[in-house]
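File shown here: data_33.csv, holding CSV, C-alpha atoms.
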chain,number,residue,atom,x,y,z
T,1,PRO,CA,-20.1,-1.2,10.2
T,2,VAL,CA,-16.7,-2.5,11.1
T,3,SER,CA,-15.5,-6.1,11.3
T,4,ASP,CA,-12.0,-7.3,12.3
T,5,PHE,CA,-10.9,-11.0,12.5
T,6,ALA,CA,-7.5,-12.3,13.5
T,7,LEU,CA,-6.0,-15.7,13.9
T,8,GLY,CA,-2.6,-16.6,15.3
T,9,VAL,CA,-0.7,-19.9,15.5
T,10,SER,CA,2.7,-20.6,17.1
T,11,GLY,CA,4.8,-23.6,18.0
T,12,GLY,CA,7.9,-25.5,17.2
T,13,THR,CA,10.6,-27.6,18.6
T,14,GLU,CA,14.0,-27.0,20.2
T,15,ARG,CA,15.5,-26.2,16.8
T,16,THR,CA,12.6,-24.7,15.1
T,17,GLN,CA,10.1,-22.0,16.2
T,18,TYR,CA,7.4,-20.3,14.2
T,19,HIS,CA,4.6,-17.8,14.6
T,20,LEU,CA,1.9,-17.2,12.0
T,21,THR,CA,-0.8,-14.6,12.1
T,22,ALA,CA,-3.6,-13.7,9.6
T,23,ALA,CA,-6.1,-10.9,9.8
T,24,ASN,CA,-9.0,-9.4,7.9
T,25,PHE,CA,-10.3,-5.9,8.5
T,26,ASN,CA,-13.4,-4.5,6.8
T,27,GLN,CA,-15.1,-1.1,7.2
T,28,ARG,CA,-17.9,0.5,5.3
T,29,GLY,CA,-17.9,4.3,5.1
T,30,ILE,CA,-20.7,6.6,6.3
T,31,VAL,CA,-20.9,7.9,2.7
T,32,TYR,CA,-22.2,5.6,0.1
T,33,SER,CA,-19.6,3.7,-2.1
T,34,THR,CA,-16.8,4.3,0.4
T,35,GLY,CA,-15.0,1.6,2.4
T,36,TYR,CA,-11.8,0.0,3.3
T,37,ASP,CA,-10.7,-3.7,3.2
T,38,ARG,CA,-7.4,-5.1,4.4
T,39,GLN,CA,-6.0,-8.6,4.5
T,40,ASN,CA,-2.6,-9.4,6.0
T,41,VAL,CA,-0.5,-12.4,6.8
T,42,ARG,CA,2.8,-12.5,8.8
T,43,LEU,CA,5.1,-15.4,9.4
T,44,ASN,CA,8.2,-15.4,11.6
T,45,ALA,CA,10.3,-18.5,11.7
T,46,ASP,CA,13.6,-19.3,13.5
T,47,PHE,CA,15.8,-22.3,12.7
T,48,ASN,CA,18.8,-23.7,14.6
T,49,PRO,CA,20.0,-26.6,12.4
T,50,ALA,CA,23.5,-26.7,14.1
T,51,LEU,CA,25.0,-25.6,17.4
T,52,ARG,CA,26.9,-22.7,15.8
T,53,PHE,CA,24.5,-21.9,12.9
T,54,SER,CA,21.1,-20.2,13.1
T,55,VAL,CA,18.7,-18.7,10.7
T,56,ARG,CA,15.9,-16.2,11.2
T,57,SER,CA,13.2,-15.2,8.7
T,58,SER,CA,10.1,-13.1,8.5
T,59,LEU,CA,7.5,-12.5,5.8
T,60,GLY,CA,4.6,-10.0,5.7
T,61,LEU,CA,1.9,-9.8,3.0
T,62,VAL,CA,-0.7,-7.0,3.0
T,63,ARG,CA,-3.5,-6.4,0.5
T,64,GLU,CA,-5.7,-3.2,0.7
T,65,ASN,CA,-8.7,-2.1,-1.2
T,66,ILE,CA,-9.9,1.4,-0.7
T,67,ALA,CA,-13.1,2.8,-2.1
T,68,ARG,CA,-12.9,6.6,-2.1
T,69,ILE,CA,-14.8,9.6,-3.3
T,70,GLU,CA,-13.7,13.2,-4.1
T,71,GLY,CA,-13.5,15.1,-0.9
T,72,ASP,CA,-13.3,18.8,0.0
T,73,ASN,CA,-12.2,21.6,-2.3
T,74,THR,CA,-14.5,20.3,-5.1
T,75,ILE,CA,-17.9,21.0,-6.5
T,76,GLN,CA,-18.2,17.4,-7.8
T,77,GLY,CA,-18.0,15.4,-4.6
T,78,PRO,CA,-20.9,13.6,-3.0
T,79,LEU,CA,-20.4,15.0,0.5
T,80,ALA,CA,-19.5,18.6,-0.6
T,81,ASN,CA,-22.5,18.7,-3.0
T,82,ALA,CA,-24.9,17.3,-0.5
T,83,ILE,CA,-24.1,20.3,1.7
T,84,ALA,CA,-24.2,22.8,-1.1
T,85,VAL,CA,-27.4,21.9,-3.1
T,86,GLN,CA,-31.0,22.8,-2.1
T,87,PRO,CA,-32.5,20.3,0.3
T,88,PHE,CA,-36.0,20.7,-1.0
T,89,ILE,CA,-35.3,19.2,-4.4
T,90,PRO,CA,-36.0,15.4,-4.6
T,91,VAL,CA,-33.0,13.1,-5.4
T,92,ARG,CA,-34.9,11.4,-8.2
T,93,GLN,CA,-37.7,12.4,-10.5
T,94,ALA,CA,-40.9,10.5,-11.0
T,95,ASP,CA,-39.4,8.4,-13.8
T,96,GLY,CA,-36.6,7.3,-11.5
T,97,GLU,CA,-33.9,9.3,-13.1
T,98,PHE,CA,-31.6,11.5,-10.9
T,99,SER,CA,-32.6,15.1,-10.6
T,100,ASP,CA,-30.4,17.8,-12.2
T,101,ALA,CA,-30.3,21.5,-12.9
T,102,GLY,CA,-33.1,21.2,-15.5
T,103,ASP,CA,-35.5,19.5,-13.0
T,104,PRO,CA,-37.3,22.2,-10.9
T,105,ALA,CA,-38.6,21.5,-7.4
T,106,PRO,CA,-42.3,20.8,-6.9
T,107,GLY,CA,-44.3,24.0,-7.2
T,108,CYS,CA,-41.5,25.8,-9.1
T,109,VAL,CA,-41.9,26.4,-12.8
T,110,ALA,CA,-38.3,27.1,-13.8
T,111,GLY,CA,-35.0,28.5,-12.6
T,112,CYS,CA,-34.9,26.6,-9.3
T,113,GLY,CA,-33.2,23.3,-10.3
T,114,LEU,CA,-30.1,21.9,-8.6
T,115,GLU,CA,-27.3,24.4,-8.3
T,116,TYR,CA,-24.6,21.7,-8.5
T,117,ALA,CA,-24.4,18.1,-9.7
T,118,ASN,CA,-26.6,15.6,-7.9
T,119,PRO,CA,-24.6,14.3,-4.9
T,120,VAL,CA,-26.4,11.0,-4.8
T,121,ALA,CA,-25.8,10.4,-8.5
T,122,LEU,CA,-22.1,11.2,-7.9
T,123,ALA,CA,-22.0,8.6,-5.1
T,124,PHE,CA,-23.9,5.9,-7.1
T,125,LEU,CA,-22.4,6.3,-10.6
T,126,ASN,CA,-18.8,7.5,-10.0
T,127,GLU,CA,-16.1,5.3,-8.5
T,128,VAL,CA,-12.5,5.6,-7.2
T,129,ASP,CA,-11.0,2.2,-6.6
T,130,THR,CA,-7.5,1.9,-5.1
T,131,ARG,CA,-5.8,-1.4,-4.6
T,132,THR,CA,-2.4,-1.9,-3.0
T,133,MET,CA,-0.3,-5.0,-2.4
T,134,ARG,CA,2.9,-5.1,-0.3
T,135,ALA,CA,5.3,-7.8,0.6
T,136,ILE,CA,8.1,-7.3,3.1
T,137,GLY,CA,10.5,-10.1,3.9
T,138,GLY,CA,13.8,-10.7,5.5
T,139,LEU,CA,16.3,-13.6,6.0
T,140,GLU,CA,19.3,-13.6,8.3
T,141,GLY,CA,21.9,-16.3,8.9
T,142,MET,CA,24.5,-16.3,11.7
T,143,PHE,CA,27.5,-18.6,12.0
T,144,ASP,CA,29.9,-18.7,15.0
T,145,VAL,CA,33.3,-19.6,13.6
T,146,THR,CA,34.7,-19.5,17.1
T,147,ASP,CA,33.5,-18.1,20.4
T,148,ARG,CA,35.0,-14.8,19.3
T,149,ILE,CA,34.2,-14.6,15.6
T,150,ARG,CA,30.8,-14.5,14.1
T,151,LEU,CA,29.7,-14.2,10.4
T,152,ASN,CA,26.4,-12.6,9.5
T,153,ALA,CA,24.5,-12.4,6.3
T,154,ARG,CA,21.2,-10.6,5.7
T,155,LEU,CA,18.8,-10.3,2.8
T,156,SER,CA,15.6,-8.2,2.8
T,157,ALA,CA,13.0,-7.2,0.2
T,158,ASP,CA,10.2,-4.7,0.1
T,159,VAL,CA,7.8,-4.8,-2.9
T,160,TYR,CA,4.9,-2.3,-3.2
T,161,ASP,CA,2.3,-2.3,-5.9
T,162,LEU,CA,-0.4,0.3,-6.3
T,163,ARG,CA,-3.2,0.4,-8.9
T,164,GLU,CA,-5.9,3.1,-8.9
T,165,ARG,CA,-8.8,3.4,-11.3
T,166,ARG,CA,-11.1,6.5,-11.3
T,167,TRP,CA,-14.4,6.4,-13.2
T,168,GLU,CA,-16.6,9.5,-13.8
T,169,SER,CA,-19.9,8.7,-15.4
T,170,GLY,CA,-21.2,10.7,-18.3
T,171,ARG,CA,-24.8,10.3,-17.0
T,172,ILE,CA,-24.5,13.1,-14.4
T,173,PRO,CA,-25.3,16.6,-15.9
T,174,GLY,CA,-23.2,19.4,-14.6
T,175,THR,CA,-20.0,17.4,-14.4
T,176,ARG,CA,-16.9,17.5,-16.6
T,177,ALA,CA,-17.6,13.9,-17.7
T,178,ALA,CA,-21.1,14.7,-19.0
T,179,GLY,CA,-19.9,16.3,-22.2
T,180,SER,CA,-17.3,13.7,-23.0
T,181,GLY,CA,-19.3,10.5,-22.5
T,182,GLY,CA,-17.5,9.4,-19.3
T,183,ILE,CA,-13.9,9.7,-18.2
T,184,SER,CA,-11.7,6.8,-17.0
T,185,ARG,CA,-8.3,7.1,-15.5
T,186,LEU,CA,-5.9,4.3,-14.6
T,187,GLY,CA,-2.6,4.7,-12.8
T,188,THR,CA,-0.1,2.1,-11.6
T,189,SER,CA,3.0,2.3,-9.4
T,190,LEU,CA,5.5,-0.4,-8.6
T,191,ALA,CA,8.4,0.1,-6.2
T,192,THR,CA,10.9,-2.5,-5.2
T,193,ARG,CA,13.8,-2.4,-2.8
T,194,TYR,CA,16.3,-5.2,-2.1
T,195,VAL,CA,19.0,-4.9,0.5
T,196,THR,CA,21.7,-7.5,1.2
T,197,GLU,CA,24.6,-7.2,3.6
T,198,ALA,CA,27.4,-9.3,5.0
T,199,PHE,CA,29.6,-8.6,8.0
T,200,ALA,CA,31.9,-10.2,10.5
T,201,THR,CA,32.3,-9.5,14.2
T,202,TYR,CA,35.5,-10.2,16.1
T,203,ASP,CA,36.1,-9.9,19.9
T,204,PRO,CA,39.9,-9.7,20.3
T,205,ILE,CA,39.6,-8.6,23.9
T,206,ARG,CA,37.0,-10.0,26.2
T,207,SER,CA,37.5,-10.0,29.9
T,208,PRO,CA,35.5,-9.0,33.0
T,209,SER,CA,36.9,-5.5,33.0
T,210,GLN,CA,37.2,-4.6,29.3
T,211,ARG,CA,36.0,-5.6,25.9
T,212,LEU,CA,36.9,-4.7,22.3
T,213,THR,CA,34.5,-5.6,19.4
T,214,LEU,CA,35.5,-5.1,15.8
T,215,THR,CA,32.9,-5.2,12.9
T,216,ALA,CA,33.5,-4.9,9.2
T,217,GLY,CA,31.3,-5.7,6.1
T,218,SER,CA,29.5,-4.4,3.1
T,219,SER,CA,25.9,-3.8,1.9
T,220,LEU,CA,24.2,-3.5,-1.4
T,221,GLU,CA,20.8,-1.8,-2.0
T,222,LEU,CA,18.8,-2.0,-5.3
T,223,ASN,CA,15.9,0.3,-5.9
T,224,GLU,CA,13.5,0.3,-8.9
T,225,THR,CA,10.3,2.3,-9.6
T,226,GLU,CA,7.8,1.9,-12.5
T,227,LYS,CA,4.9,4.2,-13.0
T,228,SER,CA,2.2,4.5,-15.7
T,229,PHE,CA,-0.9,6.5,-16.4
T,230,ILE,CA,-3.7,6.5,-19.0
T,231,ARG,CA,-6.9,8.5,-19.4
T,232,GLY,CA,-9.7,7.8,-21.8
T,233,GLU,CA,-12.9,9.6,-22.7
T,234,GLY,CA,-16.1,8.6,-24.6
T,235,PHE,CA,-17.8,5.4,-23.4
T,236,ALA,CA,-20.8,3.7,-24.9
T,237,THR,CA,-22.2,2.6,-21.5
T,238,ASP,CA,-21.3,2.8,-17.8
T,239,GLN,CA,-20.7,-1.0,-17.9
T,240,LEU,CA,-17.4,-0.3,-19.7
T,241,GLN,CA,-15.3,1.7,-17.3
T,242,TRP,CA,-11.7,0.8,-18.3
T,243,PRO,CA,-9.6,3.1,-20.6
T,244,ARG,CA,-9.4,0.3,-23.2
T,245,SER,CA,-13.1,0.8,-24.0
T,246,ALA,CA,-12.8,4.6,-24.5
T,247,ALA,CA,-13.4,6.1,-27.9
T,248,GLN,CA,-10.3,8.3,-27.4
T,249,VAL,CA,-7.2,8.2,-25.2
T,250,THR,CA,-6.6,11.7,-24.2
T,251,ALA,CA,-3.5,11.3,-22.0
T,252,TYR,CA,-0.9,8.7,-21.2
T,253,ASP,CA,2.5,8.5,-19.6
T,254,GLY,CA,4.9,5.9,-18.2
T,255,PHE,CA,8.5,5.8,-16.9
T,256,ALA,CA,10.9,3.8,-14.8
T,257,THR,CA,13.8,4.7,-12.5
T,258,ALA,CA,16.5,2.8,-10.8
T,259,ASN,CA,19.3,3.5,-8.3
T,260,ASN,CA,21.7,1.4,-6.5
T,261,LEU,CA,24.0,1.9,-3.4
T,262,LEU,CA,27.1,-0.1,-2.6
T,263,SER,CA,28.7,0.6,0.8
T,264,TYR,CA,31.5,-0.7,3.1
T,265,PHE,CA,31.6,-0.1,6.8
T,266,ALA,CA,33.7,-0.8,9.8
T,267,ARG,CA,33.2,-0.2,13.5
T,268,ALA,CA,35.2,-0.6,16.7
T,269,ASN,CA,33.6,-0.6,20.2
T,270,PHE,CA,35.7,-0.6,23.3
T,271,SER,CA,34.3,-0.7,26.9
T,272,PHE,CA,36.1,-0.5,30.1
T,273,LEU,CA,34.4,-1.6,33.3
T,274,ASP,CA,31.1,-1.5,31.3
T,275,ARG,CA,31.6,2.2,30.5
Encoded form (structure tokens):
Amino acid sequence: PVSDFALGVSGGTERTQYHLTAANFNQRGIVYSTGYDRQNVRLNADFNPALRFSVRSSLGLVRENIARIEGDNTIQGPLANAIAVQPFIPVRQADGEFSDAGDPAPGCVAGCGLEYANPVALAFLNEVDTRTMRAIGGLEGMFDVTDRIRLNARLSADVYDLRERRWESGRIPGTRAAGSGGISRLGTSLATRYVTEAFATYDPIRSPSQRLTLTAGSSLELNETEKSFIRGEGFATDQLQWPRSAAQVTAYDGFATANNLLSYFARANFSFLDR
């Protein structure tokens, strides 16, 4: 099933105009435990507080939640295993537990259990939860000093945050997590970009037959990235699925990077008879 809702509002006065939209999208996957949710809001607003001065702004916020499973090129994914295992073996035994390699099919004494991990157990007990949040915004101001000189200033930001948690239950025989009491992985990534620029535009020549426009300014870009990862093994119960509850932390990493760019620019445009 898919649901999609959106709402938009706009209005304003002679000096102020705005447009606001909000939406929610939800889709359940055809494979159990898969799905996608997205909520987003966007606001555009323009202000003209004075005859020669104007401001434009925009802001967008997006939140996503993605429930995934292991896909192809694996022997421990719900879909791949559902195709690979024997179709005549029941998903669950009489006691309600999931069937595994040690549970033969009805009428079979031994040696005919599941060839691979139970696909339904993989879908029910394992989990891959990915959450992303992103904010993109911009602010621009323009001031006409004269009818030939204009000053512009812009500021924009892009912030992206990702968190993914993968849980492999130790209750599924035939998987890598079965011998370690469960495996939990947690990874995060945060990326930010800020850009600011200021420039001036001057029209020294402006006539019906020719026009000369001069532009000069500078810009500054700031970029930062932070990433971290941790993996834990050995859990007392499936109710505790975060690395903090692991008996042993088997891997971890984390780092940060940053780079900046400062630039200056100038441009001249000349047109004669609009050519």
Would you give me, as a Markdown table, each residue of stretch 186-210 of chain T having an atom within 10 Å of an atom of stretch 248-267 of chain T, along with its shortest atom pair and that distance in Å to one decimal, using all atoms listed in the file and sorting by chain and residue number?
| residue | atom | partner | partner_atom | distance |
| --- | --- | --- | --- | --- |
| T:Leu186 | CA | T:Tyr252 | CA | 9.4 |
| T:Gly187 | CA | T:Asp253 | CA | 9.3 |
| T:Thr188 | CA | T:Gly254 | CA | 9.1 |
| T:Ser189 | CA | T:Ala256 | CA | 9.7 |
| T:Leu190 | CA | T:Ala256 | CA | 9.2 |
| T:Ala191 | CA | T:Thr257 | CA | 9.5 |
| T:Thr192 | CA | T:Ala258 | CA | 9.5 |
| T:Arg193 | CA | T:Asn260 | CA | 9.5 |
| T:Tyr194 | CA | T:Asn260 | CA | 9.6 |
| T:Val195 | CA | T:Leu261 | CA | 9.3 |
| T:Thr196 | CA | T:Leu262 | CA | 9.9 |
| T:Glu197 | CA | T:Ser263 | CA | 9.2 |
| T:Ala198 | CA | T:Tyr264 | CA | 9.7 |
| T:Phe199 | CA | T:Phe265 | CA | 8.8 |
| T:Ala200 | CA | T:Ala266 | CA | 9.6 |
| T:Thr201 | CA | T:Arg267 | CA | 9.4 |
(message) Could you check the closest approach to T:Thr16 for each of T:Thr213, T:Asn81, T:Thr237, T:Ser54 and tell me which residue wins, using all atoms listed in the file?
(response)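 Smallest separation from T:Thr16 among the options: T:Ser54.
Atom CA of T:Ala82 is positioned 7.8 Å from atom CA of T:Val120.
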(request) Tell me, as a count of residues only, which residues lie within 8 Å of stretch 33-48 of chain T, counting only C-alpha atoms; anything in the same chain fewer than 3 positions away does not count. (result) 37
(message) What's the separation between atom CA of T:Ile230 and atom CA of T:Arg244, in Å to one decimal place?
(response)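 Computed distance, atom CA of T:Ile230 to atom CA of T:Arg244, equals 9.4 Å.
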(request) Find the spatial neighbours of stretch 161-175 of chain T, counting all atoms listed in the file, within a cut-off of 9 Å - ignore same-chain residues fewer than 2 positions away - and output them as a count of residues only. (result) 43
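Pairwise distance (atom CA of T:Ala246, atom CA of T:Gly232) equals 5.2 Å.
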Residues within 12 Å of T:Asp274, all atoms listed in the file, excluding chain neighbours under 5 positions, as a PDB file with C-alpha atoms, in the frame of the given file:
ATOM      1  CA  ARG T 206      37.000 -10.000  26.200  1.00  0.00           C
ATOM      2  CA  SER T 207      37.500 -10.000  29.900  1.00  0.00           C
ATOM      3  CA  PRO T 208      35.500  -9.000  33.000  1.00  0.00           C
ATOM      4  CA  SER T 209      36.900  -5.500  33.000  1.00  0.00           C
ATOM      5  CA  GLN T 210      37.200  -4.600  29.300  1.00  0.00           C
ATOM      6  CA  ARG T 211      36.000  -5.600  25.900  1.00  0.00           C
ATOM      7  CA  LEU T 212      36.900  -4.700  22.300  1.00  0.00           C
ATOM      8  CA  ASN T 269      33.600  -0.600  20.200  1.00  0.00           C
TER       9      ASN T 269
END
(request) Check the smallest atom-to-atom distance from each of T:Arg176, T:Ser10, T:Ala153, T:Gly102 to T:Glu233 using only C-alpha atoms, then report the winner. (result) T:Arg176
(message) Ranking T:Ser3, T:Asn223, T:Thr215, T:Thr74 by minimum distance to T:Ala268 and counting all atoms listed in the file, which one comes first?
(response) T:Thr215
(request) With all atoms listed in the file counted, which protein, DNA or RNA residues have an atom no more than 6 Å from (25.4, -21.8, 12.7) in the file frame? Please answer as a list in words. (result)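 Residues satisfying the cut-off, written out: Ala50, Arg52, Phe53, Ser54, Met142, Phe143 and Asp144 of chain T.
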